[in-house]
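Here the structure is laid out as structure tokens; the discussion comes afterwards.
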Amino acid sequence: MITLSDIKEAKNNLENVVENTPLTRAPILSKTFNSEIYLKKENLQLTGSFKLRGAFNRIAKLSEEKRAKGVVAASAGNHAQGVAFSAQYFGCEATIFMPEATPLTKVSGVKSYGANVVLIGENFDEAYEASMKFCEEHNSEFIHPFADDEVIAGQGTISLEVLEQIPDLKQLIVPIGGGGLISGVAIAAKAINPDIKIIGVVASGARGMKESYKSQMPIDSVSVRTIADGIAVRDVNPKLLEIIIDYVDHIVEVSDNEIANAILFLLEKHKLVVEGAGAVSTAAILHEKVEIEDSKVCAVISGGNIDVTMLSQIIEKGLVKSYRKMNLIVTLRDKPGSLTELSEIFRDCGANIVQIDYDRDSVKLDFGEAHITISLETKGEEHQKEIREKLKQTGYRYKQI
């Protein structure tokens with residue numbers, strides 16, 4: 001059984017290595033929901049994630065003899081970097097098994113700490129199976145990403161930092177993947193303040209823990225698919241489910257669209273780069289999955305290791321959804337001057353052309369016609385409506401995409 005004493009011991013082990021990350025008030029969220037809402041910014045942690053806490057505590061407690069045999073881990077990315085950093089700190093070899101689709105930024109991060117990386121499997125669970133086989137063959141020490149008492153105790157140090165600054169906190173909102181983070185956070189928080197509410201958040205594409213919590217028994221997912229790769233865990237660990245049933249008050253889920261909205265919100269409004277798993281707590285607040293009005297709430301932002309390609313896609317789609325970008329396919333007469341005439345319409349409407357493509361060969365076109373695919377910077381919904389009206393008035397056929 002993990003106790004508050006274990007978590008306080010973990011805090012001592014992490015001293016002078018792991019950052020006491022910023023805990024700041026979120027003014028826009030607080031005003032919107034008539035509450036005091038705070039963000040615990042583990043995306044600003046060394047290695048970019050809370051995972052360093054558990055990994056470092058686990059390796060710190062190994063004997064020199066076990067460290068000499070090397071450590072092994074399976075991870076979608078953040079635990080891998082935590083283990084790699086900690087192994088380098090203690091001077092032991094690390095071999096990390098990661099799913100083949102792990103974002104390059106996380107793979108590069110692991111390698112930068114000197115660890116050996118093996119990319120294998122479609123998800124965490126398949127990488128985990130391969131890592132266990134490797135451990136048996138090489139007699140190495142396995143560092144589990146969540147189902148380990150010392151890892152859980154390390155993650156629980158987040159609660160010590162939060163409640164030291166906000167002792168009268170009413171709710172802690174925490175991402176759930178395998179369950180190690182929320183288990184440690186909940187054990188510590190409830191020991192300090194039994195009345196605090198612990199709310200877990202899963203991604204809709206990886207909802208095994210929510211279903212298991214509801215049914216009070218482990219229910220593994222057939223498959224997982226979500227942009228929140230850090231919490232894309234297929235199988236439910238019975239031990240962690242038991243802790244979550246005992247300590248967590250409620251579990252909610254958020255969709256990939258809601259997660260993407262939260263990533264963009266945090267980037268634009270709070271200047272924070274946050275990965276999908278790190279954004280789910282904020283997504284739960286933004287999309288009113290939890291009841292927080294007139295309360296004091298903290299959302300744990302668990303990590304910031306987002307792939308830049310994914311971030312680019314989220315920004316692009318966010319601009320379209322917020323009417324700041326408009327994509328059109330316009331049919332023109334294929335003759336000199338047609339494109340100039342069209343561009344003058346956009347100029348008169350005050351829309352800036354940022355990308356353009358010309359197609360005269362499509363079989364969908366009549367002879368003498370061309371398709372122009374064009375992207376415009378726009379100033380909101382009314383501005384886009386003005387552009388559409390102008391195109392209709394001047395007789396253009398178009399499709400907004």
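Just remember, in the structure tokens the first chain shown is A, the second B, etc., residues are 1-based per chain, and ligands are 1-based in the order shown.
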Residue neighbourhood stretch 390-397 of chain A, 9 Å, only C-alpha atoms, exclusion window fewer than 6 positions, as a PDB file with N, CA, C and O atoms, in the first residue's frame:
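And here's part.pdb as it stands now:
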ATOM      1  N   ILE A 329     -12.638  26.387 -53.425  1.00  0.00           N
ATOM      2  CA  ILE A 329     -12.364  25.958 -54.795  1.00  0.00           C
ATOM      3  C   ILE A 329     -13.279  26.775 -55.699  1.00  0.00           C
ATOM      4  O   ILE A 329     -14.509  26.712 -55.581  1.00  0.00           O
ATOM      5  N   VAL A 330     -12.684  27.581 -56.565  1.00  0.00           N
ATOM      6  CA  VAL A 330     -13.446  28.480 -57.438  1.00  0.00           C
ATOM      7  C   VAL A 330     -13.241  28.052 -58.890  1.00  0.00           C
ATOM      8  O   VAL A 330     -12.117  27.739 -59.305  1.00  0.00           O
ATOM      9  N   THR A 331     -14.340  28.015 -59.647  1.00  0.00           N
ATOM     10  CA  THR A 331     -14.253  27.683 -61.072  1.00  0.00           C
ATOM     11  C   THR A 331     -14.104  28.968 -61.888  1.00  0.00           C
ATOM     12  O   THR A 331     -14.898  29.904 -61.757  1.00  0.00           O
ATOM     13  N   LEU A 332     -13.061  29.019 -62.742  1.00  0.00           N
ATOM     14  CA  LEU A 332     -12.771  30.190 -63.575  1.00  0.00           C
ATOM     15  C   LEU A 332     -12.814  29.822 -65.054  1.00  0.00           C
ATOM     16  O   LEU A 332     -12.660  28.654 -65.423  1.00  0.00           O
ATOM     17  N   LEU A 342     -10.330  37.559 -60.218  1.00  0.00           N
ATOM     18  CA  LEU A 342     -10.725  36.918 -58.959  1.00  0.00           C
ATOM     19  C   LEU A 342      -9.952  37.509 -57.781  1.00  0.00           C
ATOM     20  O   LEU A 342     -10.543  37.824 -56.729  1.00  0.00           O
ATOM     21  N   ILE A 345     -11.292  40.706 -56.366  1.00  0.00           N
ATOM     22  CA  ILE A 345     -12.454  40.563 -55.470  1.00  0.00           C
ATOM     23  C   ILE A 345     -11.974  40.372 -54.030  1.00  0.00           C
ATOM     24  O   ILE A 345     -12.462  41.020 -53.098  1.00  0.00           O
ATOM     25  N   PHE A 346     -10.985  39.493 -53.859  1.00  0.00           N
ATOM     26  CA  PHE A 346     -10.457  39.245 -52.514  1.00  0.00           C
ATOM     27  C   PHE A 346      -9.759  40.492 -51.965  1.00  0.00           C
ATOM     28  O   PHE A 346      -9.865  40.805 -50.780  1.00  0.00           O
ATOM     29  N   CYS A 349     -12.318  42.895 -50.741  1.00  0.00           N
ATOM     30  CA  CYS A 349     -12.941  42.430 -49.493  1.00  0.00           C
ATOM     31  C   CYS A 349     -11.968  42.455 -48.314  1.00  0.00           C
ATOM     32  O   CYS A 349     -12.356  42.180 -47.170  1.00  0.00           O
TER      33      CYS A 349
END
Which residues are close to A:Ser49, i.e. within 6 Å by only C-alpha atoms, leaving aside same-chain residues fewer than 5 positions away? Reply as a tab-separated table (two decimals) with N, CA, C and O atoms, in the first residue's frame.
chain	number	residue	atom	x	y	z
A	42	GLU	N	3.29	20.81	-15.71
A	42	GLU	CA	4.31	19.76	-15.84
A	42	GLU	C	4.89	19.67	-17.25
A	42	GLU	O	5.86	18.97	-17.48
A	43	ASN	N	4.29	20.40	-18.20
A	43	ASN	CA	4.90	20.51	-19.53
A	43	ASN	C	6.22	21.27	-19.47
A	43	ASN	O	7.03	21.18	-20.39
A	302	SER	N	-0.01	17.61	-17.94
A	302	SER	CA	0.95	16.55	-17.64
A	302	SER	C	2.19	16.54	-18.53
A	302	SER	O	3.22	15.98	-18.16
A	303	GLY	N	2.13	17.15	-19.74
A	303	GLY	CA	3.30	17.10	-20.60
A	303	GLY	C	3.18	18.04	-21.79
A	303	GLY	O	2.09	18.48	-22.16
Can you list, as a PyMOL selection string, every protein, DNA or RNA residue that comes within 7 Å of stretch 14-26 of chain A when you count only C-alpha atoms, leaving out same-chain residues fewer than 6 positions away?
chain A and resi 37-42+44-46+53+57+161
Proximity of stretch 177-255 of chain A to stretch 151-156 of chain A: per-residue shortest pair, 7 Å limit, only C-alpha atoms, as a Markdown table:
| residue | atom | partner | partner_atom | distance |
| --- | --- | --- | --- | --- |
| A:Gly180 | CA | A:Ile152 | CA | 5.2 |
| A:Leu181 | CA | A:Gln155 | CA | 5.3 |
| A:Ser183 | CA | A:Ile152 | CA | 6.6 |
| A:Gly184 | CA | A:Gly156 | CA | 3.8 |
| A:Val185 | CA | A:Gly156 | CA | 4.2 |
| A:Ala188 | CA | A:Gly156 | CA | 5.9 |
Which is closest to A:Glu150 among A:Ala351, A:Ile182, A:Ile245, A:Ala60, if we use only C-alpha atoms?
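The answer is A:Ala60, which sits nearest to A:Glu150.
Distances from A:Asn193, A:Asn116, A:Ser375, A:Thr3 to A:Lys325 were compared using only C-alpha atoms, and the smallest one belongs to A:Ser375.
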For the strand (DSSP E or B) assignment from backbone DSSP, which residues of stretch 171-241 of chain A qualify? Please present them as a list in words.
Gln171, Leu172, Ile173, Val174, Pro175, Lys197, Ile198, Ile199, Gly200, Val201, Val202 and Ala203 of chain A
Got time to write the residues from that selection, all heavy atoms, as a PDB file, in the first residue's frame?
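Output saved as out.pdb:
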ATOM      1  N   GLN A 171     -10.876  20.891  -6.112  1.00  0.00           N
ATOM      2  CA  GLN A 171     -10.844  19.812  -7.109  1.00  0.00           C
ATOM      3  C   GLN A 171      -9.484  19.765  -7.812  1.00  0.00           C
ATOM      4  O   GLN A 171      -8.911  20.807  -8.127  1.00  0.00           O
ATOM      5  CB  GLN A 171     -11.913  20.023  -8.185  1.00  0.00           C
ATOM      6  CG  GLN A 171     -13.344  19.891  -7.706  1.00  0.00           C
ATOM      7  CD  GLN A 171     -14.319  19.966  -8.871  1.00  0.00           C
ATOM      8  OE1 GLN A 171     -14.347  19.089  -9.726  1.00  0.00           O
ATOM      9  NE2 GLN A 171     -15.130  21.002  -8.907  1.00  0.00           N
ATOM     10  N   LEU A 172      -9.028  18.542  -8.072  1.00  0.00           N
ATOM     11  CA  LEU A 172      -7.836  18.309  -8.889  1.00  0.00           C
ATOM     12  C   LEU A 172      -8.274  17.501 -10.106  1.00  0.00           C
ATOM     13  O   LEU A 172      -8.879  16.431  -9.967  1.00  0.00           O
ATOM     14  CB  LEU A 172      -6.803  17.512  -8.092  1.00  0.00           C
ATOM     15  CG  LEU A 172      -5.531  18.225  -7.640  1.00  0.00           C
ATOM     16  CD1 LEU A 172      -4.706  17.298  -6.764  1.00  0.00           C
ATOM     17  CD2 LEU A 172      -4.697  18.706  -8.809  1.00  0.00           C
ATOM     18  N   ILE A 173      -7.984  18.021 -11.291  1.00  0.00           N
ATOM     19  CA  ILE A 173      -8.387  17.343 -12.527  1.00  0.00           C
ATOM     20  C   ILE A 173      -7.128  16.787 -13.182  1.00  0.00           C
ATOM     21  O   ILE A 173      -6.185  17.535 -13.463  1.00  0.00           O
ATOM     22  CB  ILE A 173      -9.131  18.309 -13.466  1.00  0.00           C
ATOM     23  CG1 ILE A 173     -10.316  18.936 -12.721  1.00  0.00           C
ATOM     24  CG2 ILE A 173      -9.616  17.573 -14.715  1.00  0.00           C
ATOM     25  CD1 ILE A 173     -11.073  19.983 -13.519  1.00  0.00           C
ATOM     26  N   VAL A 174      -7.135  15.466 -13.437  1.00  0.00           N
ATOM     27  CA  VAL A 174      -5.900  14.757 -13.772  1.00  0.00           C
ATOM     28  C   VAL A 174      -6.117  13.833 -14.973  1.00  0.00           C
ATOM     29  O   VAL A 174      -7.107  13.105 -15.028  1.00  0.00           O
ATOM     30  CB  VAL A 174      -5.423  13.911 -12.565  1.00  0.00           C
ATOM     31  CG1 VAL A 174      -4.044  13.314 -12.829  1.00  0.00           C
ATOM     32  CG2 VAL A 174      -5.419  14.738 -11.283  1.00  0.00           C
ATOM     33  N   PRO A 175      -5.186  13.823 -15.939  1.00  0.00           N
ATOM     34  CA  PRO A 175      -5.287  12.877 -17.059  1.00  0.00           C
ATOM     35  C   PRO A 175      -5.137  11.425 -16.579  1.00  0.00           C
ATOM     36  O   PRO A 175      -4.443  11.155 -15.602  1.00  0.00           O
ATOM     37  CB  PRO A 175      -4.102  13.260 -17.956  1.00  0.00           C
ATOM     38  CG  PRO A 175      -3.683  14.623 -17.519  1.00  0.00           C
ATOM     39  CD  PRO A 175      -4.012  14.716 -16.071  1.00  0.00           C
ATOM     40  N   LYS A 197     -11.856  16.744  -4.185  1.00  0.00           N
ATOM     41  CA  LYS A 197     -12.376  15.862  -5.230  1.00  0.00           C
ATOM     42  C   LYS A 197     -11.304  15.636  -6.287  1.00  0.00           C
ATOM     43  O   LYS A 197     -10.671  16.590  -6.747  1.00  0.00           O
ATOM     44  CB  LYS A 197     -13.627  16.467  -5.884  1.00  0.00           C
ATOM     45  CG  LYS A 197     -14.868  16.374  -5.014  1.00  0.00           C
ATOM     46  CD  LYS A 197     -16.108  16.782  -5.793  1.00  0.00           C
ATOM     47  CE  LYS A 197     -17.363  16.601  -4.956  1.00  0.00           C
ATOM     48  NZ  LYS A 197     -18.579  16.988  -5.722  1.00  0.00           N
ATOM     49  N   ILE A 198     -11.130  14.380  -6.675  1.00  0.00           N
ATOM     50  CA  ILE A 198     -10.179  14.015  -7.718  1.00  0.00           C
ATOM     51  C   ILE A 198     -10.972  13.580  -8.945  1.00  0.00           C
ATOM     52  O   ILE A 198     -11.748  12.610  -8.886  1.00  0.00           O
ATOM     53  CB  ILE A 198      -9.244  12.876  -7.276  1.00  0.00           C
ATOM     54  CG1 ILE A 198      -8.574  13.205  -5.932  1.00  0.00           C
ATOM     55  CG2 ILE A 198      -8.207  12.584  -8.358  1.00  0.00           C
ATOM     56  CD1 ILE A 198      -7.663  14.404  -5.963  1.00  0.00           C
ATOM     57  N   ILE A 199     -10.810  14.302 -10.039  1.00  0.00           N
ATOM     58  CA  ILE A 199     -11.522  14.012 -11.287  1.00  0.00           C
ATOM     59  C   ILE A 199     -10.513  13.515 -12.320  1.00  0.00           C
ATOM     60  O   ILE A 199      -9.527  14.189 -12.606  1.00  0.00           O
ATOM     61  CB  ILE A 199     -12.232  15.273 -11.840  1.00  0.00           C
ATOM     62  CG1 ILE A 199     -13.052  15.960 -10.747  1.00  0.00           C
ATOM     63  CG2 ILE A 199     -13.087  14.907 -13.054  1.00  0.00           C
ATOM     64  CD1 ILE A 199     -14.170  15.128 -10.174  1.00  0.00           C
ATOM     65  N   GLY A 200     -10.767  12.345 -12.879  1.00  0.00           N
ATOM     66  CA  GLY A 200      -9.904  11.796 -13.914  1.00  0.00           C
ATOM     67  C   GLY A 200     -10.465  12.083 -15.297  1.00  0.00           C
ATOM     68  O   GLY A 200     -11.685  12.191 -15.470  1.00  0.00           O
ATOM     69  N   VAL A 201      -9.574  12.212 -16.283  1.00  0.00           N
ATOM     70  CA  VAL A 201      -9.993  12.478 -17.660  1.00  0.00           C
ATOM     71  C   VAL A 201      -9.308  11.499 -18.602  1.00  0.00           C
ATOM     72  O   VAL A 201      -8.079  11.395 -18.608  1.00  0.00           O
ATOM     73  CB  VAL A 201      -9.651  13.925 -18.095  1.00  0.00           C
ATOM     74  CG1 VAL A 201     -10.294  14.226 -19.455  1.00  0.00           C
ATOM     75  CG2 VAL A 201     -10.093  14.937 -17.049  1.00  0.00           C
ATOM     76  N   VAL A 202     -10.115  10.788 -19.391  1.00  0.00           N
ATOM     77  CA  VAL A 202      -9.578   9.893 -20.419  1.00  0.00           C
ATOM     78  C   VAL A 202      -9.920  10.456 -21.795  1.00  0.00           C
ATOM     79  O   VAL A 202     -10.810  11.288 -21.934  1.00  0.00           O
ATOM     80  CB  VAL A 202     -10.145   8.451 -20.297  1.00  0.00           C
ATOM     81  CG1 VAL A 202      -9.857   7.861 -18.938  1.00  0.00           C
ATOM     82  CG2 VAL A 202     -11.660   8.426 -20.582  1.00  0.00           C
ATOM     83  N   ALA A 203      -9.203   9.985 -22.795  1.00  0.00           N
ATOM     84  CA  ALA A 203      -9.547  10.305 -24.182  1.00  0.00           C
ATOM     85  C   ALA A 203     -10.606   9.321 -24.663  1.00  0.00           C
ATOM     86  O   ALA A 203     -10.577   8.139 -24.305  1.00  0.00           O
ATOM     87  CB  ALA A 203      -8.304  10.206 -25.062  1.00  0.00           C
TER      88      ALA A 203
END
DSSP-assigned helix (DSSP H, G or I) among stretch 5-139 of chain A, expressed as number ranges by chain
A: 5-14, 27-32, 42-44, 46-48, 51-60, 64-68, 78-90, 104-112, 124-138
Counting only C-alpha atoms, what is within 10 Å of A:Val222, bar same-chain residues fewer than 5 positions away, as JSON, numbers by chain?
{"A": [206, 208, 234, 235]}
Using N, CA, C and O atoms, can you export the residues from the last selection as an mmCIF file, in the first residue's frame?
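The result, written out as again-v4.cif:
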data_model
loop_
_atom_site.group_PDB
_atom_site.id
_atom_site.type_symbol
_atom_site.label_atom_id
_atom_site.label_comp_id
_atom_site.auth_asym_id
_atom_site.auth_seq_id
_atom_site.Cartn_x
_atom_site.Cartn_y
_atom_site.Cartn_z
ATOM 1 N N ALA A 206 -9.455 6.064 -25.974
ATOM 2 C CA ALA A 206 -8.737 5.163 -25.060
ATOM 3 C C ALA A 206 -9.455 5.199 -23.709
ATOM 4 O O ALA A 206 -8.945 5.707 -22.725
ATOM 5 N N GLY A 208 -10.631 2.714 -21.718
ATOM 6 C CA GLY A 208 -10.679 1.483 -20.937
ATOM 7 C C GLY A 208 -10.828 1.732 -19.446
ATOM 8 O O GLY A 208 -11.614 1.066 -18.774
ATOM 9 N N ARG A 234 -4.159 0.550 -23.844
ATOM 10 C CA ARG A 234 -5.230 -0.381 -24.200
ATOM 11 C C ARG A 234 -5.744 -1.181 -23.008
ATOM 12 O O ARG A 234 -6.950 -1.325 -22.808
ATOM 13 N N ASP A 235 -4.804 -1.745 -22.217
ATOM 14 C CA ASP A 235 -5.183 -2.681 -21.153
ATOM 15 C C ASP A 235 -5.217 -1.986 -19.800
ATOM 16 O O ASP A 235 -4.395 -1.123 -19.501
#
Long-range neighbours of stretch 209-218 of chain A as a VMD selection string, 8 Å cut-off, only C-alpha atoms, 3 positions minimum in chain
chain A and resid 176 to 179 202 236 to 238 241 244 to 245 251 to 253
Smallest atom-to-atom distance to A:Glu386: which of A:Asp348, A:Glu122, A:Glu268, A:Asp361, using only C-alpha atoms?
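Between A:Asp348, A:Glu122, A:Glu268, A:Asp361, the residue approaching A:Glu386 most closely is A:Asp348.
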Of the candidates A:Ile315, A:Ile243, A:Ile301, A:Val71, which shows the shortest atom-to-atom distance to A:Glu93, using only C-alpha atoms?
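Distance minimum relative to A:Glu93 lands on A:Val71.
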What's the 6 Å shell around stretch 273-280 of chain A, counting only C-alpha atoms, without same-chain residues fewer than 6 positions away, as a list in words?
Ile227, Ala228, Gly230, Ile231, Ile259, Ala262, Ile263, Leu267, Ile301, Ser302, Gly303, Gly304, Asn305 and Ile306 of chain A
Can you pull out every residue within 12 Å of A:Gly368, counting only C-alpha atoms, but drop anything in the same chain fewer than 6 positions away, and send it as a list in words?
Thr331, Leu332, Arg333, Asp334, Lys335, Pro336, Ser338, Asp359, Arg360, Asp361 and Ser362 of chain A
Å distance separating atom CA of A:Leu376 from atom CA of A:Ile356, one decimal place:
9.0 Å
